[in-house]
$ cat start_23.txt   # compact mmCIF, C-alpha atoms
# COMPACT_ATOMS: atom_id res chain seq x y z
CA MET A 1 0.00 0.00 0.00
CA ASN A 2 2.82 2.38 0.85
CA GLY A 3 4.61 2.04 -2.45
CA ARG A 4 1.55 2.70 -4.50
CA LEU A 5 1.45 5.88 -6.54
CA HIS A 6 -1.43 8.18 -5.78
CA ARG A 7 -2.57 9.26 -9.24
CA VAL A 8 -5.76 10.66 -7.93
CA PRO A 9 -5.30 12.99 -4.95
CA ALA A 10 -7.25 12.09 -1.95
CA LEU A 11 -10.30 14.14 -1.20
CA ARG A 12 -8.79 15.03 2.14
CA LYS A 13 -5.75 16.64 0.48
CA ILE A 14 -7.92 18.67 -1.82
CA LEU A 15 -9.90 19.86 1.13
CA GLN A 16 -6.70 20.71 2.95
CA ALA A 17 -5.61 22.96 0.06
CA TRP A 18 -8.60 25.27 0.45
CA PRO A 19 -6.52 28.51 0.57
CA TRP A 20 -5.31 27.80 -2.95
CA GLY A 21 -8.81 27.19 -4.08
CA LEU A 22 -9.83 30.48 -2.61
CA LEU A 23 -7.01 32.23 -4.49
CA LEU A 24 -8.09 30.59 -7.70
CA LEU A 25 -11.65 31.66 -7.13
CA SER A 26 -10.63 35.23 -6.43
CA LEU A 27 -8.48 35.30 -9.60
CA ALA A 28 -11.47 34.08 -11.55
CA GLY A 29 -13.46 36.83 -9.90
CA VAL A 30 -10.89 39.40 -11.02
CA ARG A 31 -11.08 38.09 -14.53
CA LEU A 32 -14.87 38.07 -14.61
CA SER A 33 -15.17 41.58 -13.17
CA LYS A 34 -12.54 42.85 -15.63
CA GLY A 35 -10.25 43.94 -12.82
CA ALA A 36 -12.78 46.17 -11.12
CA PHE A 37 -11.13 45.84 -7.73
CA PHE A 38 -7.71 46.84 -9.05
CA ALA A 39 -9.11 49.79 -10.92
CA ASP A 40 -10.94 50.98 -7.82
CA ALA A 41 -7.93 50.45 -5.60
CA TYR A 42 -5.73 52.31 -8.06
CA ALA A 43 -8.20 55.17 -8.18
CA LEU A 44 -8.25 55.31 -4.38
CA LEU A 45 -4.46 55.28 -4.09
CA SER A 46 -3.81 57.76 -6.88
CA ARG A 47 -6.49 60.22 -5.82
CA PRO A 48 -4.00 62.66 -4.27
CA PHE A 49 -2.27 62.93 -7.62
CA TRP A 50 -5.30 63.51 -9.79
CA PRO A 51 -5.51 66.71 -11.86
CA GLY A 52 -6.78 69.08 -9.18
CA THR A 53 -8.55 72.42 -8.96
CA ALA A 54 -5.38 74.21 -9.99
CA GLN A 55 -5.40 72.59 -13.37
CA ALA A 56 -9.13 73.29 -13.80
CA GLU A 57 -8.34 76.92 -12.96
CA TRP A 58 -5.67 77.09 -15.68
CA LEU A 59 -8.09 75.66 -18.18
CA ARG A 60 -10.79 78.13 -17.14
CA SER A 61 -8.45 81.08 -17.33
CA ALA A 62 -7.31 79.96 -20.78
CA GLN A 63 -10.96 79.73 -21.80
CA ARG A 64 -11.62 83.19 -20.36
CA LEU A 65 -8.67 84.63 -22.22
CA SER A 66 -9.86 83.17 -25.47
CA ASP A 67 -13.39 84.47 -24.82
CA GLN A 68 -12.07 87.95 -24.09
CA ALA A 69 -9.97 87.99 -27.20
CA ARG A 70 -12.97 86.84 -29.20
CA VAL A 71 -15.22 89.50 -27.67
CA SER A 72 -12.75 92.30 -28.35
CA GLN A 73 -12.29 91.11 -31.90
CA LEU A 74 -16.03 90.97 -32.45
CA GLU A 75 -16.40 94.42 -30.92
CA GLN A 76 -13.81 95.83 -33.33
CA ASP A 77 -15.54 94.12 -36.19
CA ASN A 78 -18.90 95.43 -35.03
CA ARG A 79 -17.57 98.97 -34.74
CA ARG A 80 -16.12 98.80 -38.23
CA LEU A 81 -19.40 97.53 -39.68
CA ARG A 82 -21.40 100.16 -37.80
CA GLY A 83 -19.02 102.76 -39.15
CA LEU A 84 -19.72 101.49 -42.65
CA LEU A 85 -23.44 101.75 -42.01
CA ALA A 86 -23.00 105.26 -40.54
CA LEU A 87 -24.88 104.12 -37.42
CA ASP A 88 -22.10 105.06 -35.05
CA ARG A 89 -22.49 107.91 -32.65
CA SER A 90 -19.50 109.78 -31.36
CA PRO A 91 -17.73 107.34 -29.06
CA GLY A 92 -17.56 108.75 -25.55
CA ALA A 93 -15.37 107.73 -22.69
CA ALA A 94 -16.34 105.30 -19.95
CA VAL A 95 -15.97 106.73 -16.45
CA SER A 96 -15.68 104.27 -13.58
CA ALA A 97 -17.57 105.54 -10.57
CA PRO A 98 -18.05 104.14 -7.06
CA VAL A 99 -21.55 103.62 -5.72
CA ILE A 100 -21.73 105.70 -2.54
CA SER A 101 -25.39 105.20 -1.67
CA ARG A 102 -27.71 102.45 -2.72
CA ASP A 103 -31.43 102.20 -2.15
CA PRO A 104 -32.83 99.65 -4.59
CA GLY A 105 -35.55 98.40 -2.26
CA GLY A 106 -37.34 101.46 -0.94
CA TRP A 107 -39.72 103.95 -2.54
CA TRP A 108 -37.10 105.26 -4.94
CA GLN A 109 -34.96 102.76 -6.80
CA GLN A 110 -31.86 104.86 -7.12
CA LEU A 111 -28.07 104.87 -6.71
CA GLU A 112 -25.73 107.69 -5.83
CA LEU A 113 -22.37 107.72 -7.60
CA GLY A 114 -19.18 109.31 -6.34
CA LYS A 115 -18.36 111.13 -9.57
CA GLY A 116 -20.23 113.92 -11.27
CA SER A 117 -20.15 116.64 -13.87
CA LEU A 118 -16.47 117.38 -13.19
CA GLU A 119 -15.69 113.98 -14.68
CA GLY A 120 -17.91 114.66 -17.68
CA ILE A 121 -21.02 112.80 -16.50
CA ALA A 122 -24.29 114.35 -17.65
CA ALA A 123 -27.96 113.58 -17.10
CA GLY A 124 -29.16 110.83 -19.44
CA ASP A 125 -25.88 108.92 -19.59
CA PRO A 126 -26.27 105.14 -19.49
CA VAL A 127 -24.86 103.36 -16.44
CA LEU A 128 -23.34 99.91 -16.76
CA ALA A 129 -22.56 97.41 -14.04
CA PRO A 130 -20.74 94.10 -14.44
CA GLY A 131 -23.45 92.09 -16.15
CA GLY A 132 -25.22 94.76 -18.16
CA LEU A 133 -27.12 98.03 -18.21
CA ILE A 134 -28.67 99.05 -14.87
CA GLY A 135 -30.02 102.54 -15.44
CA ARG A 136 -29.46 106.10 -16.55
CA VAL A 137 -28.14 109.18 -14.81
CA ALA A 138 -31.04 111.33 -13.62
CA SER A 139 -29.19 114.34 -12.22
CA VAL A 140 -25.63 115.40 -11.48
CA THR A 141 -23.79 117.64 -9.08
CA PRO A 142 -20.11 118.52 -9.53
CA SER A 143 -18.99 115.44 -7.62
CA THR A 144 -21.97 113.09 -7.46
CA ALA A 145 -24.50 111.66 -9.86
CA ARG A 146 -27.92 110.19 -9.14
CA VAL A 147 -28.89 107.11 -11.13
CA ALA A 148 -32.48 106.10 -11.84
CA LEU A 149 -32.39 102.31 -12.00
CA LEU A 150 -34.28 100.40 -14.67
CA THR A 151 -36.48 99.09 -11.84
CA ASN A 152 -37.66 102.61 -10.96
CA ALA A 153 -41.37 103.02 -11.59
CA SER A 154 -40.80 105.99 -13.90
CA SER A 155 -38.13 104.31 -16.01
CA ARG A 156 -38.95 103.57 -19.66
CA LEU A 157 -36.47 102.04 -22.09
CA GLY A 158 -36.82 100.65 -25.59
CA VAL A 159 -35.33 97.16 -25.75
CA TRP A 160 -34.90 94.37 -28.26
CA VAL A 161 -35.39 90.62 -28.00
CA GLY A 162 -32.75 89.27 -30.35
CA ARG A 163 -34.08 85.76 -30.87
CA THR A 164 -37.49 86.81 -32.13
CA GLN A 165 -36.39 90.20 -33.49
CA ARG A 166 -39.03 92.12 -31.53
CA HIS A 167 -38.98 95.59 -30.04
CA GLY A 168 -40.44 96.12 -26.60
CA LEU A 169 -40.70 98.74 -23.90
CA LEU A 170 -39.02 97.94 -20.59
CA VAL A 171 -41.14 99.59 -17.88
CA GLY A 172 -39.92 99.76 -14.29
CA ALA A 173 -42.45 98.62 -11.73
CA GLY A 174 -40.77 99.44 -8.43
CA THR A 175 -40.00 95.75 -7.99
CA PRO A 176 -36.65 94.03 -8.66
CA ARG A 177 -38.01 92.77 -11.99
CA PRO A 178 -39.16 95.33 -14.57
CA LYS A 179 -41.92 94.56 -17.02
CA LEU A 180 -41.40 94.19 -20.75
CA GLN A 181 -44.36 95.44 -22.79
CA PHE A 182 -44.64 94.45 -26.43
CA LEU A 183 -46.18 96.43 -29.21
CA GLU A 184 -47.73 93.61 -31.23
CA LYS A 185 -49.89 90.63 -30.32
CA ASP A 186 -47.91 87.67 -31.58
CA THR A 187 -44.47 87.90 -30.05
CA GLY A 188 -43.22 84.33 -29.77
CA VAL A 189 -41.07 85.37 -26.81
CA ARG A 190 -40.25 82.59 -24.37
CA PRO A 191 -38.74 82.54 -20.87
CA GLY A 192 -34.99 82.50 -21.26
CA ASP A 193 -34.78 84.97 -24.14
CA VAL A 194 -32.05 87.56 -23.74
CA VAL A 195 -33.13 91.21 -23.71
CA THR A 196 -30.69 93.82 -25.01
CA THR A 197 -30.86 97.51 -25.77
CA SER A 198 -32.23 98.23 -29.20
CA PRO A 199 -29.69 97.95 -32.05
CA ALA A 200 -30.92 101.25 -33.44
CA SER A 201 -30.92 103.06 -30.10
CA THR A 202 -29.37 106.48 -29.81
CA LEU A 203 -30.29 107.17 -26.16
CA VAL A 204 -28.21 104.26 -24.90
CA PRO A 205 -25.47 102.34 -26.68
CA PRO A 206 -26.89 99.57 -28.87
CA ASN A 207 -26.71 95.87 -28.02
CA LEU A 208 -26.00 96.13 -24.31
CA THR A 209 -27.26 93.19 -22.29
CA VAL A 210 -30.19 94.16 -20.08
CA GLY A 211 -31.59 90.91 -18.74
CA VAL A 212 -33.36 87.66 -19.36
CA VAL A 213 -37.09 87.07 -19.84
CA GLN A 214 -38.33 85.16 -16.83
CA ALA A 215 -42.06 84.78 -17.35
CA VAL A 216 -44.40 85.68 -20.20
CA ASP A 217 -48.03 86.65 -19.67
CA GLU A 218 -49.77 85.88 -22.96
CA GLN A 219 -53.21 86.84 -21.62
CA ALA A 220 -52.39 90.48 -20.92
CA VAL A 221 -54.27 93.10 -22.92
CA PRO A 222 -53.70 94.84 -25.30
CA ALA A 223 -50.43 93.00 -25.94
CA PRO A 224 -48.49 90.33 -24.04
CA ASP A 225 -46.00 91.41 -21.43
CA ALA A 226 -43.11 89.67 -19.74
CA LEU A 227 -41.12 89.91 -16.53
CA VAL A 228 -37.41 90.54 -17.03
CA GLN A 229 -34.69 89.61 -14.57
CA LEU A 230 -31.88 92.15 -14.88
CA SER A 231 -28.55 90.52 -15.61
CA ALA A 232 -26.59 92.93 -13.41
CA PRO A 233 -26.93 92.39 -9.64
CA VAL A 234 -28.25 95.80 -8.61
CA ASP A 235 -28.23 94.99 -4.88
CA ALA A 236 -24.55 94.14 -4.83
CA VAL A 237 -22.96 96.48 -7.34
CA ASP A 238 -20.26 98.73 -5.89
CA TRP A 239 -18.52 100.12 -9.00
CA VAL A 240 -20.26 101.09 -12.20
CA ARG A 241 -19.20 102.44 -15.57
CA VAL A 242 -20.88 105.56 -16.89
CA LEU A 243 -20.71 106.00 -20.65
CA THR A 244 -20.29 109.73 -21.13
CA ARG A 245 -20.90 111.24 -24.52
CA GLY A 246 -17.55 112.98 -24.68
CA ALA A 247 -17.47 116.36 -26.42
CA ARG A 248 -20.94 116.71 -27.81
CA MET B 249 -42.10 127.44 20.56
CA GLY B 250 -39.92 125.61 23.00
CA VAL B 251 -36.30 126.28 23.72
CA LEU B 252 -34.83 123.30 21.97
CA HIS B 253 -34.40 124.96 18.60
CA ARG B 254 -32.12 127.55 20.20
CA GLN B 255 -29.65 124.83 21.13
CA ARG B 256 -27.52 124.51 18.04
CA TRP B 257 -26.32 121.02 18.90
CA CYS B 258 -29.84 119.68 19.21
CA GLY B 259 -30.88 121.12 15.86
CA ALA B 260 -27.72 119.79 14.24
CA THR B 261 -28.77 116.22 15.01
CA ALA B 262 -31.31 116.66 12.19
CA LEU B 263 -28.35 116.29 9.83
CA ALA B 264 -28.34 112.62 10.77
CA VAL B 265 -31.63 112.18 8.88
CA PRO B 266 -30.35 112.83 5.32
CA LEU B 267 -27.05 111.14 6.14
CA LEU B 268 -28.76 107.98 7.42
CA THR B 269 -31.15 108.05 4.46
CA LEU B 270 -28.18 108.13 2.09
CA ALA B 271 -26.14 105.55 3.97
CA SER B 272 -29.20 103.31 4.53
CA PRO B 273 -27.36 100.83 6.78
CA GLY B 274 -28.11 97.27 5.73
CA VAL B 275 -28.56 95.86 9.23
CA LEU B 276 -31.57 98.11 9.83
CA LYS B 277 -33.56 96.96 6.84
CA ILE B 278 -36.46 94.58 6.36
CA ALA B 279 -36.43 92.96 2.92
CA GLY B 280 -34.38 95.85 1.54
CA VAL B 281 -36.68 98.54 2.95
CA ALA B 282 -35.16 101.11 5.31
CA PRO B 283 -37.07 102.77 8.18
CA SER B 284 -38.33 106.32 7.85
CA TRP B 285 -35.56 108.24 9.59
CA ALA B 286 -37.43 111.52 9.23
CA VAL B 287 -40.31 110.21 11.35
CA LEU B 288 -37.91 108.79 13.94
CA TRP B 289 -36.22 112.18 14.40
CA LEU B 290 -39.27 114.39 14.03
CA LEU B 291 -41.38 112.59 16.65
CA PRO B 292 -39.25 113.40 19.75
CA TRP B 293 -38.36 116.85 18.41
CA ALA B 294 -41.98 117.88 17.97
CA LEU B 295 -43.07 116.33 21.28
CA VAL B 296 -40.46 118.37 23.16
CA ASP B 297 -40.41 121.60 21.17
CA GLY B 298 -44.05 122.28 20.33
CA PRO B 299 -46.22 122.56 17.22
CA ALA B 300 -44.63 125.57 15.49
CA SER B 301 -41.08 124.28 15.80
CA GLY B 302 -42.27 120.78 14.84
CA ALA B 303 -43.95 122.05 11.69
CA VAL B 304 -40.87 124.05 10.67
CA ALA B 305 -38.63 121.04 11.31
CA GLY B 306 -40.99 118.84 9.27
CA LEU B 307 -40.94 121.34 6.42
CA ALA B 308 -37.15 121.53 6.46
CA LEU B 309 -36.70 117.75 6.60
CA GLY B 310 -39.23 117.28 3.80
CA LEU B 311 -37.45 119.77 1.55
CA VAL B 312 -34.06 118.13 2.17
CA LEU B 313 -35.39 114.60 1.58
CA ASP B 314 -37.26 115.64 -1.56
CA GLY B 315 -33.98 116.95 -2.90
CA LEU B 316 -32.34 113.58 -2.27
CA ASN B 317 -34.96 111.50 -4.05
CA LEU B 318 -35.87 110.97 -7.66
CA GLY B 319 -39.13 112.12 -9.13
CA ASP B 320 -41.76 114.60 -8.07
CA ALA B 321 -43.39 112.86 -5.10
CA SER B 322 -43.03 115.10 -2.05
CA GLN B 323 -42.83 114.27 1.63
CA VAL B 324 -43.23 117.91 2.71
CA PRO B 325 -47.02 118.08 3.40
CA VAL B 326 -47.21 115.00 5.57
CA LEU B 327 -44.03 115.77 7.54
CA LEU B 328 -45.26 119.32 8.15
CA LEU B 329 -48.64 118.10 9.41
CA LEU B 330 -47.02 115.38 11.53
CA GLY B 331 -44.67 117.91 13.16
CA TRP B 332 -47.57 120.20 13.99
CA TRP B 333 -49.79 117.36 15.30
CA TRP B 334 -47.08 115.81 17.46
CA GLY B 335 -46.17 119.24 18.78
CA ARG B 336 -49.78 119.75 19.95
CA LEU B 337 -49.81 116.28 21.53
CA GLY B 338 -46.67 117.16 23.45
CA ARG B 339 -48.15 120.41 24.78
CA ARG B 340 -51.48 118.98 25.96
CA GLY B 341 -52.15 116.49 28.71
CA ALA B 342 -49.62 114.25 30.36
CA PRO B 343 -46.21 114.09 28.68
CA ILE B 344 -45.90 111.16 26.31
CA GLU B 345 -42.97 108.94 27.20
CA ARG B 346 -44.12 105.31 27.28
CA SER B 347 -42.50 103.10 24.66
CA PHE B 348 -45.85 101.86 23.49
CA SER B 349 -47.20 105.37 22.85
CA LEU B 350 -44.04 106.37 21.00
CA GLY B 351 -44.23 103.23 18.86
CA LEU B 352 -47.89 103.85 18.06
CA LEU B 353 -47.28 107.49 17.12
CA ALA B 354 -44.34 106.50 14.89
CA LEU B 355 -46.46 103.79 13.30
CA LEU B 356 -49.24 106.25 12.47
CA GLY B 357 -46.73 108.80 11.16
CA SER B 358 -44.93 106.33 8.97
CA LEU B 359 -48.23 104.97 7.69
CA ALA B 360 -49.37 108.47 6.75
CA LEU B 361 -46.06 109.25 5.05
CA GLY B 362 -46.06 106.01 3.04
CA SER B 363 -49.71 106.38 2.06
CA SER B 364 -49.15 109.91 0.82
CA LEU B 365 -46.21 108.75 -1.31
CA LEU B 366 -48.24 105.84 -2.67
CA LEU B 367 -51.11 108.19 -3.51
CA GLN B 368 -48.78 110.61 -5.27
CA PHE B 369 -47.20 107.81 -7.33
CA ARG B 370 -50.68 106.67 -8.22
CA LEU B 371 -51.70 110.15 -9.33
CA GLN B 372 -48.56 110.50 -11.41
CA GLY B 373 -49.53 107.37 -13.29
CA HIS B 374 -46.76 104.95 -12.36
CA TRP B 375 -47.93 102.53 -9.75
CA PRO B 376 -45.10 100.79 -7.87
CA GLU B 377 -46.20 97.16 -7.69
CA ALA B 378 -44.23 96.58 -4.52
CA GLY B 379 -45.92 99.64 -2.95
CA TRP B 380 -47.94 97.82 -0.32
CA HIS B 381 -44.96 95.73 0.63
CA ILE B 382 -42.73 98.80 1.04
CA LEU B 383 -45.45 100.64 2.99
CA LEU B 384 -45.96 97.74 5.38
CA ALA B 385 -42.27 96.98 5.87
CA GLN B 386 -41.35 100.63 6.46
CA THR B 387 -44.24 101.15 8.90
CA LEU B 388 -43.40 98.05 10.94
CA LEU B 389 -39.68 98.82 11.03
CA THR B 390 -40.19 102.46 12.02
CA ALA B 391 -42.63 101.51 14.78
CA LEU B 392 -40.21 98.89 16.11
CA LEU B 393 -37.26 101.30 16.16
CA ALA B 394 -39.19 104.22 17.64
CA PRO B 395 -39.22 103.01 21.28
CA MET B 396 -35.44 102.59 21.15
CA ILE B 397 -34.38 105.72 19.27
CA CYS B 398 -37.18 108.18 20.06
CA SER B 399 -37.22 107.53 23.79
CA LEU B 400 -33.47 108.19 24.08
CA LEU B 401 -33.74 111.43 22.11
CA LEU B 402 -36.84 112.40 24.06
CA LEU B 403 -35.16 111.91 27.43
CA ARG B 404 -32.07 113.86 26.39
CA TRP B 405 -34.00 116.75 24.90
CA ARG B 406 -36.40 116.95 27.85
CA GLN B 407 -33.34 117.29 30.09
CA VAL B 408 -31.91 120.05 27.91
CA ALA B 409 -35.27 121.83 27.69
CA SER B 410 -35.85 121.73 31.45
CA LEU B 411 -32.31 122.97 32.13
CA ARG B 412 -32.61 125.91 29.73
CA GLY B 413 -36.27 126.63 30.26

$ encode --input "start_23.txt" --output "structure tokens"
Amino acid sequence: MNGRLHRVPALRKILQAWPWGLLLLSLAGVRLSKGAFFADAYALLSRPFWPGTAQAEWLRSAQRLSDQARVSQLEQDNRRLRGLLALDRSPGAAVSAPVISRDPGGWWQQLELGKGSLEGIAAGDPVLAPGGLIGRVASVTPSTARVALLTNASSRLGVWVGRTQRHGLLVGAGTPRPKLQFLEKDTGVRPGDVVTTSPASTLVPPNLTVGVVQAVDEQAVPAPDALVQLSAPVDAVDWVRVLTRGAR
Amino acid sequence: MGVLHRQRWCGATALAVPLLTLASPGVLKIAGVAPSWAVLWLLPWALVDGPASGAVAGLALGLVLDGLNLGDASQVPVLLLLGWWWGRLGRRGAPIERSFSLGLLALLGSLALGSSLLLQFRLQGHWPEAGWHILLAQTLLTALLAPMICSLLLLRWRQVASLRG
């Protein structure tokens, strides 16, 4: 019995080798799951070395740079074309002015600026904040200027919805969102449409962003009207640009 | 006329009204609406100094504030009437000094001021849609601040008036 070759391993020996069986099973598991465990473990271990926020920041700044370059190029192009069409008005200077008093929520929706007629600001000049047009200068003193915001109940401004090519009148309502009144019945304006100053405007520079249509009331008579959310944050603005008309 | 208006320092505190209106400190606002500083200053002044001085102070404050605001709506008539009325209240009967009375008077004053502005906007044809909200917020805030601010001013000015008078 002792000299006999064991060609078939005894069941006991197979059972004794269970760790190897386990290894084999786990390898099969790796194969079947296409190495999911290793991929996950690698991801966990290499997480500190992943491309971080810094890299995303570089990419964003590169994107911003390219956008700026594109905008300035388009602006130049636009100016040249407007010059060809003889639509251009005398280009004035932009004066940066600090906001020294702000009361957008009370009875009078107005701002007080820290620069006035000494800097060339005059009544009627458009006032721009980061984000778009916010109002027009109502009165000036030598060193201050008072701005009537677009939300002021007496403010009226002709605007343009670019997507549907419609003119409208932006009427302040004393609330944070002015009302856009249309002149014709069938406007086709939808929430989300961008509202800009009229391309043919002479009171304010053409094609300035004003806001976004937020809700449209189709049932209003005599013509539909819409609520516009201004794109510039009027409550938070602390520096504005006043577009003076230069030597006029 | 009382004696308060002869004290230059007391009259000069009225300068705080246009300055506070311009600065409109954000911590003292409800939903972006500031209290009516003119009412808060005029109430103790008129109570101490009598109807004539109160009416003149109301007129002066109204003219200054009208100059600071856009448009044609005027606060002069209501402030003038309020100054005169509060001045008469201060001269007749027991002196008003309880917080509750001060708050109630400020509430009525602020309500009258806001209503007159709302009416004027209405007559001029542009109706501020947030008008009721502004009226309510300003009235509540003014009435809440009045017991704190007005009673301090009232105590101080009564002291000054009794010393000089």

$ closest_atom_pairs --input "start_23.txt" --of "chain B" --to "chain A" --cutoff "9 Å" --atoms "all atoms listed in the file" --output "JSON lines"
{"residue": "B:Thr269", "atom": "CA", "partner": "A:Asp103", "partner_atom": "CA", "distance": 8.8}
{"residue": "B:Leu270", "atom": "CA", "partner": "A:Ser101", "partner_atom": "CA", "distance": 5.5}
{"residue": "B:Ala271", "atom": "CA", "partner": "A:Ser101", "partner_atom": "CA", "distance": 5.7}
{"residue": "B:Ser272", "atom": "CA", "partner": "A:Asp103", "partner_atom": "CA", "distance": 7.1}
{"residue": "B:Ala279", "atom": "CA", "partner": "A:Gly105", "partner_atom": "CA", "distance": 7.6}
{"residue": "B:Gly280", "atom": "CA", "partner": "A:Gly105", "partner_atom": "CA", "distance": 4.7}
{"residue": "B:Val281", "atom": "CA", "partner": "A:Gly106", "partner_atom": "CA", "distance": 4.9}
{"residue": "B:Ala282", "atom": "CA", "partner": "A:Gly106", "partner_atom": "CA", "distance": 6.6}
{"residue": "B:Leu316", "atom": "CA", "partner": "A:Arg146", "partner_atom": "CA", "distance": 8.8}
{"residue": "B:Asn317", "atom": "CA", "partner": "A:Trp108", "partner_atom": "CA", "distance": 6.7}
{"residue": "B:Leu318", "atom": "CA", "partner": "A:Trp108", "partner_atom": "CA", "distance": 6.4}
{"residue": "B:Gly319", "atom": "CA", "partner": "A:Ser154", "partner_atom": "CA", "distance": 7.9}
{"residue": "B:Gly362", "atom": "CA", "partner": "A:Trp107", "partner_atom": "CA", "distance": 8.7}
{"residue": "B:Leu365", "atom": "CA", "partner": "A:Trp107", "partner_atom": "CA", "distance": 8.2}
{"residue": "B:Leu366", "atom": "CA", "partner": "A:Trp107", "partner_atom": "CA", "distance": 8.7}
{"residue": "B:Phe369", "atom": "CA", "partner": "A:Ala153", "partner_atom": "CA", "distance": 8.7}
{"residue": "B:Gly373", "atom": "CA", "partner": "A:Ser154", "partner_atom": "CA", "distance": 8.9}
{"residue": "B:His374", "atom": "CA", "partner": "A:Ala153", "partner_atom": "CA", "distance": 5.8}
{"residue": "B:Trp375", "atom": "CA", "partner": "A:Ala153", "partner_atom": "CA", "distance": 6.8}
{"residue": "B:Pro376", "atom": "CA", "partner": "A:Gly174", "partner_atom": "CA", "distance": 4.6}
{"residue": "B:Glu377", "atom": "CA", "partner": "A:Ala173", "partner_atom": "CA", "distance": 5.7}
{"residue": "B:Ala378", "atom": "CA", "partner": "A:Thr175", "partner_atom": "CA", "distance": 5.5}
{"residue": "B:Gly379", "atom": "CA", "partner": "A:Gly174", "partner_atom": "CA", "distance": 7.5}
{"residue": "B:Ile382", "atom": "CA", "partner": "A:Gly106", "partner_atom": "CA", "distance": 6.3}
{"residue": "B:Leu383", "atom": "CA", "partner": "A:Trp107", "partner_atom": "CA", "distance": 8.6}
{"residue": "B:Gln386", "atom": "CA", "partner": "A:Gly106", "partner_atom": "CA", "distance": 8.5}

$ atom_distance --input "start_23.txt" --atom1 "atom CA of Val195 of chain A" --atom2 "atom CA of Trp160 of chain A"
5.8 Å

$ atom_distance --input "start_23.txt" --atom1 "atom CA of Trp239 of chain A" --atom2 "atom CA of Val99 of chain A"
5.7 Å

$ closest_residue --input "start_23.txt" --among "B:Leu267, B:Leu384, B:Val275, B:Leu309" --to "Leu330 of chain B" --atoms "all atoms listed in the file"
B:Leu309

$ atom_distance --input "start_23.txt" --atom1 "atom CA of Leu180 of chain A" --atom2 "atom CA of Asp217 of chain A"
10.1 Å

$ closest_residue --input "start_23.txt" --among "A:Leu15, A:Leu169, A:Asn207, A:Thr187" --to "Val228 of chain A" --atoms "all atoms listed in the file"
A:Leu169

$ closest_residue --input "start_23.txt" --among "B:Leu328, B:Ala342, B:Leu263, B:Val287" --to "Leu356 of chain B" --atoms "all atoms listed in the file"
B:Val287

$ residues_around --input "start_23.txt" --residues "Ala294 of chain B" --least-positions-apart "4" --cutoff "8 Å" --atoms "all atoms listed in the file" --output "PDB file with C-alpha atoms, in the coordinates of the input"
ATOM      1  CA  LEU B 290     -39.270 114.390  14.030  1.00  0.00           C
ATOM      2  CA  GLY B 298     -44.050 122.280  20.330  1.00  0.00           C
ATOM      3  CA  PRO B 299     -46.220 122.560  17.220  1.00  0.00           C
ATOM      4  CA  SER B 301     -41.080 124.280  15.800  1.00  0.00           C
ATOM      5  CA  GLY B 302     -42.270 120.780  14.840  1.00  0.00           C
ATOM      6  CA  ALA B 303     -43.950 122.050  11.690  1.00  0.00           C
ATOM      7  CA  GLY B 331     -44.670 117.910  13.160  1.00  0.00           C
ATOM      8  CA  TRP B 332     -47.570 120.200  13.990  1.00  0.00           C
ATOM      9  CA  TRP B 334     -47.080 115.810  17.460  1.00  0.00           C
ATOM     10  CA  GLY B 335     -46.170 119.240  18.780  1.00  0.00           C
ATOM     11  CA  GLY B 338     -46.670 117.160  23.450  1.00  0.00           C
TER      12      GLY B 338
END

$ closest_residue --input "start_23.txt" --among "A:Arg163, A:Lys185, A:Lys179, A:Arg136" --to "Val240 of chain A" --atoms "all atoms listed in the file"
A:Arg136

$ residues_around --input "start_23.txt" --residues "Arg346 of chain B" --least-positions-apart "5" --cutoff "9 Å" --atoms "all atoms listed in the file" --output "NGL selection string"
:B and (351 or 395 or 399)

$ residues_around --input "start_23.txt" --residues "Gly120 of chain A" --least-positions-apart "2" --cutoff "9 Å" --atoms "only C-alpha atoms" --output "ChimeraX atom specification"
/A:93,95,115-118,122,244-247

$ write_last_selection --input "start_23.txt" --atoms "C-alpha atoms" --output "compact mmCIF listing (two decimals), keeping the file's coordinate frame"
# COMPACT_ATOMS: atom_id res chain seq x y z
CA ALA A 93 -15.37 107.73 -22.69
CA VAL A 95 -15.97 106.73 -16.45
CA LYS A 115 -18.36 111.13 -9.57
CA GLY A 116 -20.23 113.92 -11.27
CA SER A 117 -20.15 116.64 -13.87
CA LEU A 118 -16.47 117.38 -13.19
CA ALA A 122 -24.29 114.35 -17.65
CA THR A 244 -20.29 109.73 -21.13
CA ARG A 245 -20.90 111.24 -24.52
CA GLY A 246 -17.55 112.98 -24.68
CA ALA A 247 -17.47 116.36 -26.42

$ closest_residue --input "start_23.txt" --among "B:Ser364, B:Val408, B:Leu313, B:Leu337" --to "Pro325 of chain B" --atoms "all atoms listed in the file"
B:Ser364

$ closest_residue --input "start_23.txt" --among "B:Val312, B:Leu291, B:Ala305, B:Ala321" --to "Leu400 of chain B" --atoms "all atoms listed in the file"
B:Leu291
